[in-house]
Amino acid sequence: KNTELYNKEQIEKYLSFNEKVQKVLVQDGKKDFTKEKPMIWQRILNLKEFRDIIIHIKSSSDETTPHYKLFKKALSFKYEESMIAVQSFINFYYPNLIEECECGVDY
């Protein structure tokens with residue numbers, strides 16, 4: 001019903017991660033990763049949740065260690081699946097931007 005215009009700084013500062021992906025990227029690229037690849041999108045959200053736990057670390061008094069939630073998540077996190085999900089996400093909007101190196105070196 002109404003139109004809101006944001007400049008780059010306002011988008012970066014005031015819109016949530018989900019709004020940036022579901023509104024800004026969709027509007028810009030006319031493609032919606034969240035709808036076209038929901039399973040991979042869930043992996044991206046898991047990565048975001050893990051990032052938030054690290055950045056906004058809080059101690060928990062009800063567990064045996066102060067940072068139980070962080071440690072538990074770090075030990076069970078699927079790092080390789082997350083890297084592949086990020087590659088898929090970026091390549092969705094910028095095809096072939098991230099490609100596997102065929103140099104034989106294991107990074």
# chains A, B, ... in the order shown; residues from 1 in each chain; ligands from 1
$ residues_around --residues "Lys37 (chain A)" --least-positions-apart "4" --cutoff "10 Å" --atoms "only C-alpha atoms" --output "PDB file with all heavy atoms, in the first residue's frame"
ATOM      1  N   ASP A  32      14.050 -15.308  -6.041  1.00  0.00           N
ATOM      2  CA  ASP A  32      13.927 -15.481  -4.596  1.00  0.00           C
ATOM      3  C   ASP A  32      14.554 -16.802  -4.171  1.00  0.00           C
ATOM      4  O   ASP A  32      13.952 -17.866  -4.311  1.00  0.00           O
ATOM      5  CB  ASP A  32      12.456 -15.420  -4.180  1.00  0.00           C
ATOM      6  CG  ASP A  32      12.268 -15.389  -2.675  1.00  0.00           C
ATOM      7  OD1 ASP A  32      13.240 -15.629  -1.935  1.00  0.00           O
ATOM      8  OD2 ASP A  32      11.136 -15.127  -2.245  1.00  0.00           O
ATOM      9  N   PHE A  33      15.759 -16.715  -3.645  1.00  0.00           N
ATOM     10  CA  PHE A  33      16.494 -17.896  -3.200  1.00  0.00           C
ATOM     11  C   PHE A  33      15.721 -18.653  -2.134  1.00  0.00           C
ATOM     12  O   PHE A  33      15.688 -19.877  -2.135  1.00  0.00           O
ATOM     13  CB  PHE A  33      17.869 -17.466  -2.660  1.00  0.00           C
ATOM     14  CG  PHE A  33      18.743 -18.609  -2.267  1.00  0.00           C
ATOM     15  CD1 PHE A  33      19.527 -19.251  -3.218  1.00  0.00           C
ATOM     16  CD2 PHE A  33      18.826 -19.044  -0.958  1.00  0.00           C
ATOM     17  CE1 PHE A  33      20.348 -20.309  -2.876  1.00  0.00           C
ATOM     18  CE2 PHE A  33      19.639 -20.101  -0.598  1.00  0.00           C
ATOM     19  CZ  PHE A  33      20.405 -20.733  -1.561  1.00  0.00           C
ATOM     20  N   TRP A  41      18.410 -22.686   1.961  1.00  0.00           N
ATOM     21  CA  TRP A  41      18.136 -21.471   2.729  1.00  0.00           C
ATOM     22  C   TRP A  41      18.147 -21.785   4.227  1.00  0.00           C
ATOM     23  O   TRP A  41      18.644 -21.007   5.035  1.00  0.00           O
ATOM     24  CB  TRP A  41      16.823 -20.847   2.302  1.00  0.00           C
ATOM     25  CG  TRP A  41      16.407 -19.682   3.132  1.00  0.00           C
ATOM     26  CD1 TRP A  41      15.283 -19.573   3.890  1.00  0.00           C
ATOM     27  CD2 TRP A  41      17.116 -18.450   3.316  1.00  0.00           C
ATOM     28  NE1 TRP A  41      15.251 -18.356   4.518  1.00  0.00           N
ATOM     29  CE2 TRP A  41      16.360 -17.647   4.184  1.00  0.00           C
ATOM     30  CE3 TRP A  41      18.321 -17.947   2.835  1.00  0.00           C
ATOM     31  CZ2 TRP A  41      16.770 -16.379   4.583  1.00  0.00           C
ATOM     32  CZ3 TRP A  41      18.727 -16.681   3.232  1.00  0.00           C
ATOM     33  CH2 TRP A  41      17.953 -15.912   4.090  1.00  0.00           C
ATOM     34  N   GLN A  42      17.644 -22.935   4.609  1.00  0.00           N
ATOM     35  CA  GLN A  42      17.647 -23.315   6.016  1.00  0.00           C
ATOM     36  C   GLN A  42      19.073 -23.445   6.538  1.00  0.00           C
ATOM     37  O   GLN A  42      19.372 -23.065   7.663  1.00  0.00           O
ATOM     38  CB  GLN A  42      16.866 -24.614   6.233  1.00  0.00           C
ATOM     39  CG  GLN A  42      16.710 -24.986   7.687  1.00  0.00           C
ATOM     40  CD  GLN A  42      16.035 -23.887   8.507  1.00  0.00           C
ATOM     41  OE1 GLN A  42      14.977 -23.398   8.152  1.00  0.00           O
ATOM     42  NE2 GLN A  42      16.664 -23.485   9.596  1.00  0.00           N
ATOM     43  N   ALA A  85      26.384 -24.317   1.082  1.00  0.00           N
ATOM     44  CA  ALA A  85      25.163 -23.502   1.043  1.00  0.00           C
ATOM     45  C   ALA A  85      25.483 -22.054   0.696  1.00  0.00           C
ATOM     46  O   ALA A  85      24.782 -21.427  -0.107  1.00  0.00           O
ATOM     47  CB  ALA A  85      24.426 -23.580   2.377  1.00  0.00           C
ATOM     48  N   SER A  88      26.260 -21.840  -2.955  1.00  0.00           N
ATOM     49  CA  SER A  88      25.017 -21.923  -3.719  1.00  0.00           C
ATOM     50  C   SER A  88      24.245 -20.607  -3.669  1.00  0.00           C
ATOM     51  O   SER A  88      23.707 -20.146  -4.676  1.00  0.00           O
ATOM     52  CB  SER A  88      24.162 -23.068  -3.174  1.00  0.00           C
ATOM     53  OG  SER A  88      22.958 -23.156  -3.867  1.00  0.00           O
ATOM     54  N   PHE A  89      24.199 -19.992  -2.493  1.00  0.00           N
ATOM     55  CA  PHE A  89      23.505 -18.716  -2.319  1.00  0.00           C
ATOM     56  C   PHE A  89      24.134 -17.624  -3.183  1.00  0.00           C
ATOM     57  O   PHE A  89      23.440 -16.917  -3.925  1.00  0.00           O
ATOM     58  CB  PHE A  89      23.540 -18.318  -0.842  1.00  0.00           C
ATOM     59  CG  PHE A  89      22.918 -16.993  -0.541  1.00  0.00           C
ATOM     60  CD1 PHE A  89      21.547 -16.836  -0.575  1.00  0.00           C
ATOM     61  CD2 PHE A  89      23.701 -15.900  -0.219  1.00  0.00           C
ATOM     62  CE1 PHE A  89      20.959 -15.608  -0.291  1.00  0.00           C
ATOM     63  CE2 PHE A  89      23.133 -14.676   0.070  1.00  0.00           C
ATOM     64  CZ  PHE A  89      21.762 -14.529   0.029  1.00  0.00           C
ATOM     65  N   PHE A  92      23.693 -18.257  -6.898  1.00  0.00           N
ATOM     66  CA  PHE A  92      22.302 -18.073  -7.315  1.00  0.00           C
ATOM     67  C   PHE A  92      22.113 -16.670  -7.897  1.00  0.00           C
ATOM     68  O   PHE A  92      21.431 -16.490  -8.899  1.00  0.00           O
ATOM     69  CB  PHE A  92      21.372 -18.285  -6.118  1.00  0.00           C
ATOM     70  CG  PHE A  92      19.909 -18.179  -6.431  1.00  0.00           C
ATOM     71  CD1 PHE A  92      19.233 -19.244  -7.005  1.00  0.00           C
ATOM     72  CD2 PHE A  92      19.204 -17.026  -6.146  1.00  0.00           C
ATOM     73  CE1 PHE A  92      17.873 -19.160  -7.290  1.00  0.00           C
ATOM     74  CE2 PHE A  92      17.844 -16.929  -6.421  1.00  0.00           C
ATOM     75  CZ  PHE A  92      17.180 -18.000  -6.992  1.00  0.00           C
TER      76      PHE A  92
END
$ residues_around --residues "region 43-49 of chain A" --least-positions-apart "6" --cutoff "10 Å" --atoms "only C-alpha atoms" --output "list in words"
Phe17, Asn18, Thr34, Ile55, Lys73, Phe77, Lys78, Tyr79, Glu81, Ser82, Met83, Ile84, Ala85, Val86, Ser88 and Phe89 of chain A
$ write_last_selection --atoms "N, CA and C atoms" --output "PDB file, in the first residue's frame"
ATOM      1  N   PHE A  17      18.576  -9.209   8.265  1.00  0.00           N
ATOM      2  CA  PHE A  17      19.141 -10.115   7.277  1.00  0.00           C
ATOM      3  C   PHE A  17      18.045 -10.692   6.375  1.00  0.00           C
ATOM      4  N   ASN A  18      16.957 -11.153   6.976  1.00  0.00           N
ATOM      5  CA  ASN A  18      15.852 -11.728   6.202  1.00  0.00           C
ATOM      6  C   ASN A  18      15.238 -10.709   5.251  1.00  0.00           C
ATOM      7  N   THR A  34      15.074 -17.934  -1.233  1.00  0.00           N
ATOM      8  CA  THR A  34      14.378 -18.563  -0.111  1.00  0.00           C
ATOM      9  C   THR A  34      13.247 -19.477  -0.579  1.00  0.00           C
ATOM     10  N   ILE A  55      28.686 -13.952  18.070  1.00  0.00           N
ATOM     11  CA  ILE A  55      28.794 -12.492  18.195  1.00  0.00           C
ATOM     12  C   ILE A  55      28.130 -11.986  19.470  1.00  0.00           C
ATOM     13  N   LYS A  73      26.761 -25.978  19.978  1.00  0.00           N
ATOM     14  CA  LYS A  73      26.528 -25.648  18.565  1.00  0.00           C
ATOM     15  C   LYS A  73      27.816 -25.834  17.757  1.00  0.00           C
ATOM     16  N   PHE A  77      27.995 -28.392  14.641  1.00  0.00           N
ATOM     17  CA  PHE A  77      27.716 -27.598  13.439  1.00  0.00           C
ATOM     18  C   PHE A  77      28.275 -28.276  12.187  1.00  0.00           C
ATOM     19  N   LYS A  78      27.523 -28.201  11.112  1.00  0.00           N
ATOM     20  CA  LYS A  78      27.916 -28.820   9.848  1.00  0.00           C
ATOM     21  C   LYS A  78      28.608 -27.766   8.977  1.00  0.00           C
ATOM     22  N   TYR A  79      29.914 -27.626   9.201  1.00  0.00           N
ATOM     23  CA  TYR A  79      30.696 -26.573   8.560  1.00  0.00           C
ATOM     24  C   TYR A  79      30.747 -26.724   7.040  1.00  0.00           C
ATOM     25  N   GLU A  81      28.722 -28.362   4.973  1.00  0.00           N
ATOM     26  CA  GLU A  81      27.407 -28.106   4.384  1.00  0.00           C
ATOM     27  C   GLU A  81      27.117 -26.610   4.321  1.00  0.00           C
ATOM     28  N   SER A  82      27.561 -25.891   5.332  1.00  0.00           N
ATOM     29  CA  SER A  82      27.341 -24.441   5.363  1.00  0.00           C
ATOM     30  C   SER A  82      28.138 -23.740   4.276  1.00  0.00           C
ATOM     31  N   MET A  83      29.377 -24.171   4.069  1.00  0.00           N
ATOM     32  CA  MET A  83      30.189 -23.562   3.009  1.00  0.00           C
ATOM     33  C   MET A  83      29.558 -23.808   1.641  1.00  0.00           C
ATOM     34  N   ILE A  84      29.052 -24.999   1.422  1.00  0.00           N
ATOM     35  CA  ILE A  84      28.406 -25.324   0.150  1.00  0.00           C
ATOM     36  C   ILE A  84      27.122 -24.502  -0.008  1.00  0.00           C
ATOM     37  N   ALA A  85      26.384 -24.317   1.082  1.00  0.00           N
ATOM     38  CA  ALA A  85      25.163 -23.502   1.043  1.00  0.00           C
ATOM     39  C   ALA A  85      25.483 -22.054   0.696  1.00  0.00           C
ATOM     40  N   VAL A  86      26.544 -21.518   1.277  1.00  0.00           N
ATOM     41  CA  VAL A  86      26.945 -20.132   0.975  1.00  0.00           C
ATOM     42  C   VAL A  86      27.348 -20.016  -0.489  1.00  0.00           C
ATOM     43  N   SER A  88      26.260 -21.840  -2.955  1.00  0.00           N
ATOM     44  CA  SER A  88      25.017 -21.923  -3.719  1.00  0.00           C
ATOM     45  C   SER A  88      24.245 -20.607  -3.669  1.00  0.00           C
ATOM     46  N   PHE A  89      24.199 -19.992  -2.493  1.00  0.00           N
ATOM     47  CA  PHE A  89      23.505 -18.716  -2.319  1.00  0.00           C
ATOM     48  C   PHE A  89      24.134 -17.624  -3.183  1.00  0.00           C
TER      49      PHE A  89
END
$ closest_residue --among "A:Ile53, A:Lys35, A:Cys101, A:Leu75" --to "Val21 (chain A)" --atoms "only C-alpha atoms"
A:Lys35
$ atom_distance --atom1 "CA of Ile57 (chain A)" --atom2 "CA of Leu70 (chain A)"
7.5 Å
$ select_by_dssp --residues "chain A" --states "helix (DSSP H, G or I)" --output "PyMOL selection string"
chain A and resi 8-14+17-29+33-36+38-55+68-76+79-93
$ closest_residue --among "A:Pro38, A:Gly104, A:His67, A:Ala74" --to "Arg51 (chain A)" --atoms "only C-alpha atoms"
A:Ala74
$ residues_around --residues "Lys72 (chain A)" --least-positions-apart "4" --cutoff "12 Å" --atoms "only C-alpha atoms" --output "JSON, numbers by chain"
{"A": [50, 53, 54, 63, 64, 65, 66, 67, 68, 76, 77]}
$ write_last_selection --atoms "all heavy atoms" --output "short mmCIF file (atom, residue, chain, number, x, y, z; two decimals), in the first residue's frame"
data_model
loop_
_atom_site.label_atom_id
_atom_site.label_comp_id
_atom_site.auth_asym_id
_atom_site.auth_seq_id
_atom_site.Cartn_x
_atom_site.Cartn_y
_atom_site.Cartn_z
N PHE A 50 24.27 -19.53 14.18
CA PHE A 50 25.56 -19.83 14.78
C PHE A 50 26.39 -18.55 14.91
O PHE A 50 27.00 -18.28 15.95
CB PHE A 50 26.29 -20.88 13.94
CG PHE A 50 27.57 -21.39 14.53
CD1 PHE A 50 27.75 -21.51 15.90
CD2 PHE A 50 28.60 -21.79 13.70
CE1 PHE A 50 28.93 -21.99 16.43
CE2 PHE A 50 29.79 -22.29 14.22
CZ PHE A 50 29.95 -22.39 15.58
N ILE A 53 25.12 -16.50 17.79
CA ILE A 53 25.52 -17.06 19.08
C ILE A 53 26.95 -16.64 19.40
O ILE A 53 27.27 -16.28 20.54
CB ILE A 53 25.38 -18.60 19.09
CG1 ILE A 53 23.91 -19.00 19.05
CG2 ILE A 53 26.06 -19.20 20.32
CD1 ILE A 53 23.68 -20.48 18.81
N ILE A 54 27.82 -16.65 18.39
CA ILE A 54 29.22 -16.26 18.60
C ILE A 54 29.33 -14.76 18.88
O ILE A 54 29.99 -14.35 19.84
CB ILE A 54 30.08 -16.63 17.37
CG1 ILE A 54 30.16 -18.16 17.23
CG2 ILE A 54 31.47 -16.01 17.47
CD1 ILE A 54 30.75 -18.63 15.92
N GLU A 63 23.31 -24.42 32.69
CA GLU A 63 24.11 -25.51 32.13
C GLU A 63 25.40 -25.65 32.93
O GLU A 63 25.72 -24.83 33.77
CB GLU A 63 24.40 -25.24 30.65
CG GLU A 63 23.17 -25.03 29.79
CD GLU A 63 22.27 -26.26 29.71
OE1 GLU A 63 22.70 -27.38 30.03
OE2 GLU A 63 21.11 -26.09 29.32
N THR A 64 26.20 -26.66 32.60
CA THR A 64 27.41 -26.93 33.37
C THR A 64 28.56 -25.97 33.06
O THR A 64 29.45 -25.80 33.88
CB THR A 64 27.88 -28.38 33.12
OG1 THR A 64 28.08 -28.56 31.72
CG2 THR A 64 26.87 -29.36 33.65
N THR A 65 28.59 -25.38 31.88
CA THR A 65 29.64 -24.41 31.54
C THR A 65 29.00 -23.09 31.17
O THR A 65 27.86 -23.05 30.71
CB THR A 65 30.50 -24.92 30.36
OG1 THR A 65 29.66 -25.06 29.22
CG2 THR A 65 31.17 -26.22 30.68
N PRO A 66 29.73 -21.99 31.33
CA PRO A 66 29.14 -20.67 31.06
C PRO A 66 28.66 -20.48 29.61
O PRO A 66 27.69 -19.79 29.37
CB PRO A 66 30.27 -19.70 31.38
CG PRO A 66 31.24 -20.45 32.18
CD PRO A 66 31.07 -21.91 31.86
N HIS A 67 29.34 -21.10 28.68
CA HIS A 67 28.98 -20.90 27.27
C HIS A 67 28.54 -22.22 26.62
O HIS A 67 28.89 -22.53 25.49
CB HIS A 67 30.15 -20.29 26.51
CG HIS A 67 30.65 -19.04 27.16
ND1 HIS A 67 29.86 -17.91 27.31
CD2 HIS A 67 31.83 -18.73 27.72
CE1 HIS A 67 30.56 -16.97 27.92
NE2 HIS A 67 31.75 -17.45 28.19
N TYR A 68 27.73 -22.94 27.33
CA TYR A 68 27.28 -24.27 26.92
C TYR A 68 26.65 -24.25 25.52
O TYR A 68 26.97 -25.09 24.67
CB TYR A 68 26.29 -24.80 27.94
CG TYR A 68 25.71 -26.15 27.60
CD1 TYR A 68 26.43 -27.31 27.87
CD2 TYR A 68 24.46 -26.27 27.01
CE1 TYR A 68 25.92 -28.55 27.57
CE2 TYR A 68 23.94 -27.52 26.70
CZ TYR A 68 24.67 -28.65 26.98
OH TYR A 68 24.17 -29.88 26.67
N SER A 76 28.57 -29.54 17.03
CA SER A 76 27.63 -30.26 16.17
C SER A 76 27.38 -29.56 14.82
O SER A 76 26.67 -30.09 13.98
CB SER A 76 26.29 -30.44 16.89
OG SER A 76 25.69 -29.18 17.13
N PHE A 77 28.00 -28.39 14.64
CA PHE A 77 27.72 -27.60 13.44
C PHE A 77 28.27 -28.28 12.19
O PHE A 77 29.36 -28.85 12.21
CB PHE A 77 28.32 -26.20 13.58
CG PHE A 77 27.81 -25.24 12.56
CD1 PHE A 77 26.53 -24.72 12.65
CD2 PHE A 77 28.59 -24.86 11.49
CE1 PHE A 77 26.05 -23.84 11.70
CE2 PHE A 77 28.12 -23.99 10.54
CZ PHE A 77 26.85 -23.47 10.65
#
$ atom_distance --atom1 "CA of Ile90 (chain A)" --atom2 "CA of Lys20 (chain A)"
13.8 Å
$ atom_distance --atom1 "CA of His56 (chain A)" --atom2 "CA of Glu19 (chain A)"
20.3 Å
